[in-house]
Every structure is written in structure tokens, then in C-alpha cells.
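Heads up: the structure comes next, in C-alpha cells.
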Amino acid sequence: MTTSDQNSAIKAFEYESIIDFLTKPIDPDRFKKSVKKVSKLLESGSPVSSNPKKPKASKNQLFINIDKRLIKINTEEIDLVEASGDYVLIKMEKMDYKVHTSLTKLKEKLPSDTFFQVHRSYIINLKKIVDIQDNTVLIHKSVIPISRSKRGELMGKLNLI
């Protein structure tokens with residue numbers, strides 16, 4: 001794949017048929033290296049598909065795009081995620097990040113054993129719960145609403161006595 005936009009590289013590798021990524025203007029030496037890579041793949045008889053593959057999510061890290069930079073964050077450090085229009089606010093103890101994505105897309109990337117969507121606008125880290133009272137949960141210093149439909153499922157995920 002070739003493009004002048006380096007940010008497209010991450011999206012490009014979601015497809016099995018993308019073997020390499022070249023940015024314009026194309027460097028001849030880099031192009032030759034890419035052709036060799038494809039040749040080796042074809043010689044090995046490996047099938048190349050154009051179907052999108054499901055991205056392999058690492059259980060404890062996530063890369064977010066902030067001002068054309070990819071920043072790695074440890075998912076265990078995330079307190080909660082809040083929907084805010086076309087963005088989500090990832091709240092952590094030391095830093096908050098505003099990312100252009102949907103809550104649904106981010107939920108797919110987070111480990112489901114640690115994160116739970118308690119409300120249509122909030123996903124919380126179950127390990128960061130300080131207190132639960134009525135229809136709210138306290139995460140660090142943030143009071144988050146719990147929807148009535150999610151309360152029972154949340155209680156089922158907790159180690160209650």
C-alpha cells in the first residue's frame with residue numbers, strides 16, 4: 001500500500017492483504033525491500049486474503065491517536081471512559097486523553113474481564129471501584145451513574161459477600 005498519509009499505516013494493517021506500507025514519495029531502496037518481502041511470501045505459497053482480519057488486541061496495552069502521535073497506555077491504569085459526542089474521554093489517575101472514537105469501538109479493545117459499561121456514556125475499570133451507592137459508583141474521585149438495566153450485571157461481576 002502506498003499513501004502520503006503516514007497515519008493510514010495503522011488502518012492498513014487491519015487487512016491481511018497488506019504486506020507492507022510505503023509513504024510517498026517512494027524511496028527506491030525501500031520499494032525494492034518491499035518487493036522482496038512480497039516475493040518471499042508468494043514463493044512460500046502462503047495465501048494472501050483481502051478480508052479484514054480482527055486486530056489482535058493486547059490485553060494490557062492500547063495505542064491511542066493524539067495529535068497525529070500514537071501514545072501507548074496501559075489499560076490497567078485507566079479509571080474510566082466517558083463518551084463525549086464524537087470523542088471519548090479516557091480518564092486515568094495522572095492524565096486524561098480525549099480521543100476521536102466511539103465508546104463502542106473502544107469497548108471492543110478493552111479487556112471485558114476488567115472493564116464494564118455501566119451506562120450508555122460510561123465504561124469503568126472494575127478494579128478501580130471505591131464505593132457503590134444506590135445507582136452510582138465512585139471511581140477514584142468521579143461519581144458515575146449506573147443504569148438500572150446494568151446494575152444487576154455489575155453486581156454479578158463483583159466479589160460480593
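Starting from 1 in every chain, residues are counted up; chains themselves are A, B, ... following the order of the C-alpha cells, and ligands are numbered from 1 as listed.
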
Next on the checklist: Give me, as a PyMOL selection string, all polymer residues having an atom no more than 7 Å from A:Ile146, counting only C-alpha atoms and skipping those fewer than 3 positions away in the same chain.
Outcome noted: chain A and resi 118-119+135-137+150-151

With N, CA and C atoms kept, could you save the residues just selected as a PDB file, in the first residue's frame?
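Generated output (out18.pdb):
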ATOM      1  N   VAL A 118     -21.309   0.591  32.462  1.00  0.00           N
ATOM      2  CA  VAL A 118     -22.354   0.728  33.479  1.00  0.00           C
ATOM      3  C   VAL A 118     -23.484   1.656  33.044  1.00  0.00           C
ATOM      4  N   HIS A 119     -23.259   2.380  31.950  1.00  0.00           N
ATOM      5  CA  HIS A 119     -24.200   3.393  31.488  1.00  0.00           C
ATOM      6  C   HIS A 119     -23.911   3.600  30.010  1.00  0.00           C
ATOM      7  N   ASN A 135     -27.579   4.065  42.706  1.00  0.00           N
ATOM      8  CA  ASN A 135     -27.333   3.943  41.271  1.00  0.00           C
ATOM      9  C   ASN A 135     -26.098   4.719  40.823  1.00  0.00           C
ATOM     10  N   THR A 136     -25.099   4.786  41.692  1.00  0.00           N
ATOM     11  CA  THR A 136     -23.839   5.436  41.337  1.00  0.00           C
ATOM     12  C   THR A 136     -22.663   4.595  41.814  1.00  0.00           C
ATOM     13  N   VAL A 137     -21.546   4.788  41.137  1.00  0.00           N
ATOM     14  CA  VAL A 137     -20.313   4.117  41.519  1.00  0.00           C
ATOM     15  C   VAL A 137     -19.227   5.190  41.603  1.00  0.00           C
ATOM     16  N   LYS A 150     -28.177  -2.137  33.897  1.00  0.00           N
ATOM     17  CA  LYS A 150     -26.816  -2.669  34.065  1.00  0.00           C
ATOM     18  C   LYS A 150     -26.461  -2.985  35.517  1.00  0.00           C
ATOM     19  N   ARG A 151     -27.261  -2.525  36.449  1.00  0.00           N
ATOM     20  CA  ARG A 151     -26.929  -2.691  37.866  1.00  0.00           C
ATOM     21  C   ARG A 151     -26.782  -4.159  38.272  1.00  0.00           C
TER      22      ARG A 151
END

Item to check | Nearby residues (only C-alpha atoms) at most 7 Å from stretch 60-63 of chain A, same-chain spacing under 3 positions excluded, as a ChimeraX atom specification | outcome: /A:70-76

Next on the checklist: I want to know what sits within 12 Å of stretch 105-109 of chain A, based on only C-alpha atoms, with residues of the same chain fewer than 4 positions away left out; could you give that as a PyMOL selection string?
Outcome noted: chain A and resi 54-64+75+80-83+86-90+99-101+113-118+120-125

Written file, previous selection with N, CA and C atoms, as a CSV table (one decimal), in the first residue's frame:
chain,number,residue,atom,x,y,z
A,54,LYS,N,-9.4,-9.5,12.2
A,54,LYS,CA,-9.7,-8.8,13.5
A,54,LYS,C,-8.4,-8.4,14.1
A,55,PRO,N,-8.2,-7.1,14.5
A,55,PRO,CA,-7.0,-6.7,15.1
A,55,PRO,C,-6.7,-7.5,16.4
A,56,LYS,N,-5.5,-7.8,16.5
A,56,LYS,CA,-5.0,-8.6,17.7
A,56,LYS,C,-4.8,-7.6,18.9
A,57,ALA,N,-5.7,-7.6,19.8
A,57,ALA,CA,-5.7,-6.6,20.9
A,57,ALA,C,-4.8,-7.2,22.0
A,58,SER,N,-3.9,-6.4,22.4
A,58,SER,CA,-3.1,-6.8,23.6
A,58,SER,C,-3.9,-6.5,24.8
A,59,LYS,N,-3.9,-7.5,25.8
A,59,LYS,CA,-4.7,-7.4,26.9
A,59,LYS,C,-4.5,-6.2,27.8
A,60,ASN,N,-3.2,-5.8,27.9
A,60,ASN,CA,-2.9,-4.7,28.9
A,60,ASN,C,-2.3,-3.4,28.3
A,61,GLN,N,-2.4,-3.3,26.9
A,61,GLN,CA,-1.9,-2.0,26.4
A,61,GLN,C,-2.8,-1.6,25.2
A,62,LEU,N,-2.8,-0.3,25.0
A,62,LEU,CA,-3.7,0.3,24.0
A,62,LEU,C,-3.0,1.4,23.4
A,63,PHE,N,-3.0,1.6,22.0
A,63,PHE,CA,-2.4,2.8,21.4
A,63,PHE,C,-3.5,3.7,21.0
A,64,ILE,N,-3.4,5.0,21.4
A,64,ILE,CA,-4.4,6.0,21.0
A,64,ILE,C,-3.7,7.0,20.2
A,75,THR,N,-3.8,-0.4,29.9
A,75,THR,CA,-5.2,-0.4,30.2
A,75,THR,C,-5.5,-0.5,31.7
A,80,LEU,N,-11.7,5.2,34.0
A,80,LEU,CA,-13.0,5.1,33.3
A,80,LEU,C,-12.9,5.7,32.0
A,81,VAL,N,-13.9,5.5,31.1
A,81,VAL,CA,-14.0,6.1,29.8
A,81,VAL,C,-15.4,6.7,29.7
A,82,GLU,N,-15.4,7.9,29.3
A,82,GLU,CA,-16.7,8.7,29.2
A,82,GLU,C,-16.9,9.1,27.7
A,83,ALA,N,-18.1,8.9,27.2
A,83,ALA,CA,-18.5,9.3,25.9
A,83,ALA,C,-18.7,10.8,25.9
A,86,ASP,N,-18.5,12.9,19.5
A,86,ASP,CA,-17.7,12.1,18.6
A,86,ASP,C,-16.4,11.6,19.3
A,87,TYR,N,-16.2,12.0,20.5
A,87,TYR,CA,-15.0,11.7,21.2
A,87,TYR,C,-15.3,10.8,22.5
A,88,VAL,N,-14.2,10.2,23.0
A,88,VAL,CA,-14.3,9.6,24.3
A,88,VAL,C,-13.2,10.2,25.2
A,89,LEU,N,-13.5,10.4,26.4
A,89,LEU,CA,-12.5,10.9,27.4
A,89,LEU,C,-12.0,9.7,28.2
A,90,ILE,N,-10.7,9.4,28.0
A,90,ILE,CA,-10.1,8.3,28.8
A,90,ILE,C,-9.5,8.9,30.0
A,99,VAL,N,-10.0,11.3,22.8
A,99,VAL,CA,-9.7,10.5,21.6
A,99,VAL,C,-10.9,10.5,20.7
A,100,HIS,N,-10.7,10.7,19.4
A,100,HIS,CA,-11.8,10.7,18.4
A,100,HIS,C,-12.1,9.3,18.0
A,101,THR,N,-13.1,8.7,18.7
A,101,THR,CA,-13.6,7.4,18.5
A,101,THR,C,-14.9,7.2,19.2
A,113,ASP,N,-13.0,-8.6,31.1
A,113,ASP,CA,-13.0,-9.1,32.4
A,113,ASP,C,-12.6,-8.0,33.4
A,114,THR,N,-12.1,-6.9,32.9
A,114,THR,CA,-11.7,-5.8,33.8
A,114,THR,C,-12.6,-4.5,33.6
A,115,PHE,N,-13.2,-4.4,32.4
A,115,PHE,CA,-14.0,-3.2,32.1
A,115,PHE,C,-15.4,-3.5,31.8
A,116,PHE,N,-16.3,-2.7,32.3
A,116,PHE,CA,-17.7,-2.9,32.2
A,116,PHE,C,-18.4,-1.6,31.9
A,117,GLN,N,-19.4,-1.6,30.9
A,117,GLN,CA,-20.2,-0.5,30.6
A,117,GLN,C,-21.3,-0.4,31.5
A,118,VAL,N,-21.3,0.6,32.5
A,118,VAL,CA,-22.4,0.7,33.5
A,118,VAL,C,-23.5,1.7,33.0
A,120,ARG,N,-24.8,4.1,29.3
A,120,ARG,CA,-24.6,4.3,27.8
A,120,ARG,C,-23.4,5.3,27.5
A,121,SER,N,-23.1,6.1,28.5
A,121,SER,CA,-22.0,7.0,28.3
A,121,SER,C,-20.7,6.7,29.1
A,122,TYR,N,-20.7,5.6,29.9
A,122,TYR,CA,-19.5,5.3,30.7
A,122,TYR,C,-19.1,3.8,30.7
A,123,ILE,N,-17.8,3.6,30.6
A,123,ILE,CA,-17.2,2.3,30.9
A,123,ILE,C,-16.3,2.5,32.0
A,124,ILE,N,-16.3,1.6,33.0
A,124,ILE,CA,-15.5,1.7,34.2
A,124,ILE,C,-14.5,0.5,34.3
A,125,ASN,N,-13.4,0.8,35.0
A,125,ASN,CA,-12.5,-0.3,35.3
A,125,ASN,C,-12.9,-0.9,36.7

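Taking only C-alpha atoms, the non-local environment of A:Lys141 within 12 Å (same-chain residues fewer than 6 positions away omitted) comprises A:Asp79, A:Leu80, A:Lys91, A:Met92, A:Glu93, A:Lys128, A:Ile129, A:Val130, A:Asp131.
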
Go ahead and dump the residues you just picked, all heavy atoms, as a compact mmCIF listing (two decimals), in the first residue's frame.
# COMPACT_ATOMS: atom_id res chain seq x y z
N ASP A 79 -8.98 4.56 34.61
CA ASP A 79 -10.03 4.57 35.64
C ASP A 79 -11.40 4.36 35.00
O ASP A 79 -12.17 3.51 35.42
CB ASP A 79 -10.03 5.89 36.41
CG ASP A 79 -8.79 6.07 37.29
OD1 ASP A 79 -8.15 5.06 37.63
OD2 ASP A 79 -8.47 7.23 37.62
N LEU A 80 -11.68 5.18 33.99
CA LEU A 80 -12.97 5.10 33.32
C LEU A 80 -12.88 5.74 31.95
O LEU A 80 -11.92 6.46 31.64
CB LEU A 80 -14.06 5.78 34.16
CG LEU A 80 -13.95 7.27 34.42
CD1 LEU A 80 -14.84 8.05 33.49
CD2 LEU A 80 -14.32 7.56 35.86
N LYS A 91 -10.09 8.62 31.20
CA LYS A 91 -9.63 9.21 32.46
C LYS A 91 -8.71 8.24 33.18
O LYS A 91 -9.07 7.09 33.41
CB LYS A 91 -10.81 9.59 33.35
CG LYS A 91 -11.66 10.71 32.78
CD LYS A 91 -12.71 11.15 33.77
CE LYS A 91 -13.49 12.33 33.24
NZ LYS A 91 -14.44 12.83 34.23
N MET A 92 -7.54 8.75 33.53
CA MET A 92 -6.56 7.98 34.27
C MET A 92 -6.20 8.79 35.50
O MET A 92 -6.51 9.98 35.58
CB MET A 92 -5.34 7.71 33.39
CG MET A 92 -5.72 6.97 32.10
SD MET A 92 -4.39 6.87 30.90
CE MET A 92 -3.31 5.71 31.68
N GLU A 93 -5.53 8.18 36.46
CA GLU A 93 -5.20 8.88 37.69
C GLU A 93 -4.31 10.10 37.43
O GLU A 93 -4.52 11.17 37.99
CB GLU A 93 -4.50 7.93 38.67
CG GLU A 93 -4.40 8.49 40.06
CD GLU A 93 -3.91 7.46 41.06
OE1 GLU A 93 -4.18 6.26 40.89
OE2 GLU A 93 -3.27 7.88 42.05
N LYS A 128 -10.99 -0.38 39.85
CA LYS A 128 -10.84 0.97 40.39
C LYS A 128 -12.05 1.42 41.19
O LYS A 128 -12.11 2.56 41.65
CB LYS A 128 -10.59 1.96 39.25
CG LYS A 128 -9.39 1.65 38.39
CD LYS A 128 -8.10 1.99 39.08
CE LYS A 128 -6.93 1.75 38.16
NZ LYS A 128 -5.86 2.67 38.35
N ILE A 129 -13.03 0.54 41.39
CA ILE A 129 -14.23 0.92 42.16
C ILE A 129 -13.85 1.16 43.61
O ILE A 129 -13.21 0.33 44.25
CB ILE A 129 -15.31 -0.17 42.07
CG1 ILE A 129 -15.82 -0.30 40.64
CG2 ILE A 129 -16.47 0.14 43.03
CD1 ILE A 129 -16.82 -1.44 40.43
N VAL A 130 -14.26 2.32 44.12
CA VAL A 130 -14.02 2.68 45.52
C VAL A 130 -15.28 2.40 46.34
O VAL A 130 -15.21 1.88 47.44
CB VAL A 130 -13.62 4.17 45.65
CG1 VAL A 130 -13.48 4.58 47.09
CG2 VAL A 130 -12.35 4.46 44.87
N ASP A 131 -16.45 2.72 45.75
CA ASP A 131 -17.70 2.69 46.50
C ASP A 131 -18.86 2.57 45.52
O ASP A 131 -18.80 3.12 44.42
CB ASP A 131 -17.81 4.00 47.29
CG ASP A 131 -18.96 4.05 48.27
OD1 ASP A 131 -19.91 3.28 48.11
OD2 ASP A 131 -18.89 4.88 49.20

Item to check | Members of chain A assigned helix (DSSP H, G or I) by DSSP, as a PyMOL selection string | outcome: chain A and resi 8-12+28-43+75-77+103-109+126-128+148-157

Next on the checklist: Can you measure atom CA of A:Ile161 to atom CA of A:Leu110 for me? One decimal in Å is fine.
Outcome noted: 27.1 Å

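Those residues that approach A:Phe31 to within 9 Å, counting only C-alpha atoms, are Leu22, Ile26 and Lys36 of chain A; same-chain residues fewer than 5 positions away are not listed.
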
Using backbone DSSP assignments, extract all strand (DSSP E) residues from stretch 44-160 of chain A; output them as a short mmCIF file (atom, residue, chain, number, x, y, z; two decimals) with N, CA, C and O atoms, in the first residue's frame.
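To be explicit, this is the file written out as out-v4.cif:
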data_model
loop_
_atom_site.label_atom_id
_atom_site.label_comp_id
_atom_site.auth_asym_id
_atom_site.auth_seq_id
_atom_site.Cartn_x
_atom_site.Cartn_y
_atom_site.Cartn_z
N GLN A 61 -2.37 -3.28 26.94
CA GLN A 61 -1.93 -2.01 26.38
C GLN A 61 -2.82 -1.60 25.22
O GLN A 61 -3.46 -2.43 24.60
N LEU A 62 -2.83 -0.32 24.97
CA LEU A 62 -3.69 0.26 23.96
C LEU A 62 -2.96 1.44 23.36
O LEU A 62 -2.33 2.21 24.09
N PHE A 63 -3.01 1.59 22.05
CA PHE A 63 -2.41 2.75 21.40
C PHE A 63 -3.53 3.70 21.00
O PHE A 63 -4.49 3.29 20.36
N ILE A 64 -3.40 4.96 21.39
CA ILE A 64 -4.39 5.96 21.05
C ILE A 64 -3.75 7.04 20.20
O ILE A 64 -2.57 7.35 20.36
N ASN A 65 -4.52 7.60 19.28
CA ASN A 65 -4.03 8.61 18.37
C ASN A 65 -4.35 9.99 18.93
O ASN A 65 -5.50 10.39 19.00
N ILE A 66 -3.31 10.71 19.34
CA ILE A 66 -3.46 12.06 19.89
C ILE A 66 -2.57 12.99 19.05
O ILE A 66 -1.35 12.83 19.05
N ARG A 69 0.03 11.48 16.85
CA ARG A 69 1.02 10.66 17.56
C ARG A 69 0.29 9.47 18.14
O ARG A 69 -0.82 9.59 18.63
N LEU A 70 0.94 8.33 18.12
CA LEU A 70 0.37 7.16 18.77
C LEU A 70 0.98 7.04 20.15
O LEU A 70 2.19 6.94 20.29
N ILE A 71 0.12 7.07 21.14
CA ILE A 71 0.57 7.02 22.53
C ILE A 71 0.11 5.70 23.13
O ILE A 71 -1.07 5.33 23.06
N LYS A 72 1.05 4.98 23.72
CA LYS A 72 0.73 3.70 24.35
C LYS A 72 0.32 3.95 25.79
O LYS A 72 1.01 4.63 26.53
N ILE A 73 -0.83 3.39 26.14
CA ILE A 73 -1.27 3.48 27.53
C ILE A 73 -1.53 2.07 28.05
O ILE A 73 -1.93 1.17 27.30
N ASN A 74 -1.30 1.90 29.32
CA ASN A 74 -1.56 0.63 29.99
C ASN A 74 -3.03 0.62 30.39
O ASN A 74 -3.48 1.50 31.13
N ILE A 78 -6.26 2.81 33.37
CA ILE A 78 -7.48 3.54 33.01
C ILE A 78 -8.49 3.42 34.15
O ILE A 78 -8.79 2.32 34.60
N ASP A 79 -8.98 4.56 34.61
CA ASP A 79 -10.03 4.57 35.64
C ASP A 79 -11.40 4.36 35.00
O ASP A 79 -12.17 3.51 35.42
N LEU A 80 -11.68 5.18 33.99
CA LEU A 80 -12.97 5.10 33.32
C LEU A 80 -12.88 5.74 31.95
O LEU A 80 -11.92 6.46 31.64
N VAL A 81 -13.91 5.49 31.14
CA VAL A 81 -14.01 6.07 29.81
C VAL A 81 -15.39 6.71 29.72
O VAL A 81 -16.39 6.08 30.08
N GLU A 82 -15.42 7.95 29.26
CA GLU A 82 -16.68 8.70 29.17
C GLU A 82 -16.93 9.14 27.74
O GLU A 82 -16.04 9.72 27.10
N ALA A 83 -18.12 8.88 27.21
CA ALA A 83 -18.48 9.34 25.87
C ALA A 83 -18.72 10.84 25.90
O ALA A 83 -19.29 11.37 26.86
N SER A 84 -18.25 11.51 24.86
CA SER A 84 -18.42 12.96 24.76
C SER A 84 -18.57 13.33 23.29
O SER A 84 -17.60 13.69 22.62
N TYR A 87 -16.23 11.96 20.53
CA TYR A 87 -14.99 11.66 21.23
C TYR A 87 -15.27 10.82 22.46
O TYR A 87 -16.41 10.72 22.91
N VAL A 88 -14.22 10.23 23.00
CA VAL A 88 -14.30 9.60 24.31
C VAL A 88 -13.19 10.22 25.16
O VAL A 88 -12.13 10.56 24.65
N LEU A 89 -13.48 10.36 26.42
CA LEU A 89 -12.50 10.88 27.37
C LEU A 89 -12.00 9.70 28.19
O LEU A 89 -12.78 9.04 28.88
N ILE A 90 -10.72 9.39 28.04
CA ILE A 90 -10.11 8.31 28.80
C ILE A 90 -9.50 8.94 30.04
O ILE A 90 -8.56 9.71 29.95
N LYS A 91 -10.09 8.62 31.20
CA LYS A 91 -9.63 9.21 32.46
C LYS A 91 -8.71 8.24 33.18
O LYS A 91 -9.07 7.09 33.41
N MET A 92 -7.54 8.75 33.53
CA MET A 92 -6.56 7.98 34.27
C MET A 92 -6.20 8.79 35.50
O MET A 92 -6.51 9.98 35.58
N ASP A 96 -5.58 12.60 31.50
CA ASP A 96 -6.79 12.31 30.74
C ASP A 96 -6.49 12.50 29.26
O ASP A 96 -5.70 13.38 28.89
N TYR A 97 -7.12 11.68 28.41
CA TYR A 97 -6.92 11.78 26.97
C TYR A 97 -8.27 11.88 26.29
O TYR A 97 -9.19 11.13 26.61
N LYS A 98 -8.38 12.79 25.32
CA LYS A 98 -9.59 12.92 24.52
C LYS A 98 -9.27 12.32 23.15
O LYS A 98 -8.40 12.80 22.44
N VAL A 99 -10.00 11.26 22.79
CA VAL A 99 -9.72 10.50 21.57
C VAL A 99 -10.94 10.51 20.66
O VAL A 99 -12.07 10.32 21.13
N PHE A 115 -13.15 -4.35 32.38
CA PHE A 115 -13.95 -3.17 32.07
C PHE A 115 -15.41 -3.54 31.83
O PHE A 115 -15.71 -4.58 31.27
N PHE A 116 -16.29 -2.66 32.31
CA PHE A 116 -17.73 -2.90 32.20
C PHE A 116 -18.45 -1.60 31.89
O PHE A 116 -18.18 -0.57 32.52
N GLN A 117 -19.37 -1.65 30.94
CA GLN A 117 -20.15 -0.46 30.60
C GLN A 117 -21.35 -0.38 31.53
O GLN A 117 -22.28 -1.16 31.44
N VAL A 118 -21.31 0.59 32.46
CA VAL A 118 -22.35 0.73 33.48
C VAL A 118 -23.48 1.66 33.04
O VAL A 118 -24.53 1.70 33.68
N HIS A 119 -23.26 2.38 31.95
CA HIS A 119 -24.20 3.39 31.49
C HIS A 119 -23.91 3.60 30.01
O HIS A 119 -22.81 3.30 29.55
N TYR A 122 -20.68 5.58 29.86
CA TYR A 122 -19.53 5.29 30.72
C TYR A 122 -19.11 3.81 30.70
O TYR A 122 -19.96 2.92 30.78
N ILE A 123 -17.82 3.61 30.64
CA ILE A 123 -17.21 2.30 30.86
C ILE A 123 -16.26 2.48 32.04
O ILE A 123 -15.50 3.45 32.07
N ILE A 124 -16.31 1.56 32.99
CA ILE A 124 -15.46 1.70 34.17
C ILE A 124 -14.50 0.52 34.29
O ILE A 124 -14.77 -0.57 33.78
N ASN A 125 -13.40 0.76 34.99
CA ASN A 125 -12.46 -0.29 35.34
C ASN A 125 -12.94 -0.86 36.67
O ASN A 125 -12.95 -0.16 37.69
N ILE A 129 -13.03 0.54 41.39
CA ILE A 129 -14.23 0.92 42.16
C ILE A 129 -13.85 1.16 43.61
O ILE A 129 -13.21 0.33 44.25
N VAL A 130 -14.26 2.32 44.12
CA VAL A 130 -14.02 2.68 45.52
C VAL A 130 -15.28 2.40 46.34
O VAL A 130 -15.21 1.88 47.44
N ASP A 131 -16.45 2.72 45.75
CA ASP A 131 -17.70 2.69 46.50
C ASP A 131 -18.86 2.57 45.52
O ASP A 131 -18.80 3.12 44.42
N ILE A 132 -19.92 1.86 45.92
CA ILE A 132 -21.16 1.80 45.15
C ILE A 132 -22.29 2.18 46.08
O ILE A 132 -22.40 1.63 47.18
N GLN A 133 -23.09 3.15 45.63
CA GLN A 133 -24.22 3.58 46.45
C GLN A 133 -25.41 3.82 45.53
O GLN A 133 -25.30 4.61 44.58
N THR A 136 -25.10 4.79 41.69
CA THR A 136 -23.84 5.44 41.34
C THR A 136 -22.66 4.59 41.81
O THR A 136 -22.78 3.82 42.75
N VAL A 137 -21.55 4.79 41.14
CA VAL A 137 -20.31 4.12 41.52
C VAL A 137 -19.23 5.19 41.60
O VAL A 137 -19.20 6.12 40.80
N LEU A 138 -18.37 5.07 42.60
CA LEU A 138 -17.28 6.01 42.79
C LEU A 138 -16.01 5.38 42.23
O LEU A 138 -15.58 4.32 42.69
N ILE A 139 -15.42 6.03 41.23
CA ILE A 139 -14.15 5.60 40.64
C ILE A 139 -13.17 6.73 40.87
O ILE A 139 -13.35 7.84 40.36
N SER A 142 -14.44 10.32 40.83
CA SER A 142 -15.56 10.57 39.93
C SER A 142 -16.77 9.73 40.31
O SER A 142 -16.66 8.53 40.54
N VAL A 143 -17.93 10.38 40.37
CA VAL A 143 -19.18 9.68 40.65
C VAL A 143 -19.83 9.39 39.29
O VAL A 143 -20.12 10.30 38.52
N ILE A 144 -20.04 8.10 39.02
CA ILE A 144 -20.54 7.65 37.72
C ILE A 144 -21.92 7.03 37.91
O ILE A 144 -22.12 6.19 38.80
N PRO A 145 -22.90 7.40 37.06
CA PRO A 145 -24.23 6.79 37.17
C PRO A 145 -24.22 5.34 36.67
O PRO A 145 -23.46 4.99 35.76
#

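You can rank A:Thr3, A:Asp67, A:Lys37, A:Asp134 by their closest distance to A:Phe21 using only C-alpha atoms, and at the top of that list sits A:Thr3.
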